[in-house]
Amino acid sequence: MEKKIIVRIILAAWVIIWAIFLIRPFFKKDLIRDYSNLSKLSTEGKRAYVTGPRLYEFIRVCNQSMPGPSLYGVIGIKKDSLEHRRVRYYLYPNIEKEEPEFLLVYGTKNYAREGYKIFKVLDPDRYILRRVK
């Protein structure tokens, strides 16, 4: 009988220690607040929270402004960065190409390229250029 009690105490202690190991990072890194905020948001809100509200707003405007599957290029976001990959993900089925029909300019004021004119302006450092035919 005493062996069963000792085994149960050891098992209970082991479970408690592992529960502490699993839960502690959420409090130490303040992740509870992030998960709490995310649980209250809509799908669009969650995407904006994770992507960043400025970038996500720009991506939404680009998606709404560009017709059908279009060819685009991104200016102002470092290639192969996490933000660049998010832009490519959210703009699918549009395709990123070297010689695009649209240039999506983010975080760069007064960018100009020969053969392109302003198509849509969100603010001075977020706008879309379209190739002139």
# chains A, B, ... in the order shown; residues from 1 in each chain; ligands from 1
call {"tool": "select_by_dssp", "arguments": {"residues": "region 54-130 of chain A", "states": "alpha helix (DSSP H)", "output": "list in words"}}
result
Arg54, Leu55, Tyr56, Glu57, Phe58, Ile59, Arg60, Val61, Cys62, Asn63, Gln64, Ser65, Leu82, Glu83, His84, Arg85, Arg86, Val87, Arg88, Tyr89, Tyr90 and Leu91 of chain A
call {"tool": "select_by_dssp", "arguments": {"residues": "chain A", "states": "strand (DSSP E or B)", "output": "PDB file with C-alpha atoms, in the first residue's frame"}}
result
ATOM      1  CA  LEU A  71       2.384  40.467 -62.629  1.00  0.00           C
ATOM      2  CA  TYR A  72       3.870  42.636 -59.897  1.00  0.00           C
ATOM      3  CA  GLY A  73       7.176  43.660 -58.365  1.00  0.00           C
ATOM      4  CA  VAL A  74       7.838  44.842 -54.821  1.00  0.00           C
ATOM      5  CA  ILE A  75       9.960  47.886 -54.028  1.00  0.00           C
ATOM      6  CA  ILE A  95       2.757  36.554 -59.633  1.00  0.00           C
ATOM      7  CA  GLU A  96       5.957  38.414 -58.832  1.00  0.00           C
ATOM      8  CA  PHE A 102       2.550  46.745 -61.387  1.00  0.00           C
ATOM      9  CA  LEU A 103       5.214  47.984 -58.985  1.00  0.00           C
ATOM     10  CA  LEU A 104       4.133  47.883 -55.342  1.00  0.00           C
ATOM     11  CA  VAL A 105       6.107  50.549 -53.519  1.00  0.00           C
ATOM     12  CA  TYR A 106       6.181  50.265 -49.736  1.00  0.00           C
ATOM     13  CA  TYR A 116       5.572  53.465 -65.013  1.00  0.00           C
ATOM     14  CA  LYS A 117       3.037  55.954 -63.696  1.00  0.00           C
ATOM     15  CA  ILE A 118       1.116  56.199 -60.443  1.00  0.00           C
ATOM     16  CA  PHE A 119      -1.895  53.878 -60.391  1.00  0.00           C
ATOM     17  CA  LYS A 120      -3.081  54.060 -56.762  1.00  0.00           C
ATOM     18  CA  VAL A 121      -1.806  56.020 -53.754  1.00  0.00           C
ATOM     19  CA  LEU A 122      -2.439  54.955 -50.168  1.00  0.00           C
ATOM     20  CA  ASP A 123      -0.096  57.556 -48.660  1.00  0.00           C
ATOM     21  CA  ARG A 126       2.769  53.341 -49.956  1.00  0.00           C
ATOM     22  CA  TYR A 127       1.555  53.349 -53.554  1.00  0.00           C
ATOM     23  CA  ILE A 128       1.215  51.314 -56.740  1.00  0.00           C
ATOM     24  CA  LEU A 129       2.815  52.145 -60.087  1.00  0.00           C
ATOM     25  CA  ARG A 130       1.485  50.715 -63.371  1.00  0.00           C
ATOM     26  CA  ARG A 131       3.411  50.185 -66.567  1.00  0.00           C
TER      27      ARG A 131
END
call {"tool": "atom_distance", "arguments": {"atom1": "CA of Arg8 (chain A)", "atom2": "CA of Ile20 (chain A)"}}
result
18.2 Å
call {"tool": "atom_distance", "arguments": {"atom1": "CA of Ala48 (chain A)", "atom2": "CA of Ser36 (chain A)"}}
result
15.3 Å
call {"tool": "closest_residue", "arguments": {"among": "A:Glu83, A:Leu41, A:Arg113, A:Phe26", "to": "Glu99 (chain A)", "atoms": "only C-alpha atoms"}}
result
A:Arg113
call {"tool": "closest_residue", "arguments": {"among": "A:Cys62, A:Tyr89, A:Glu98, A:Gly107", "to": "Arg47 (chain A)", "atoms": "only C-alpha atoms"}}
result
A:Tyr89
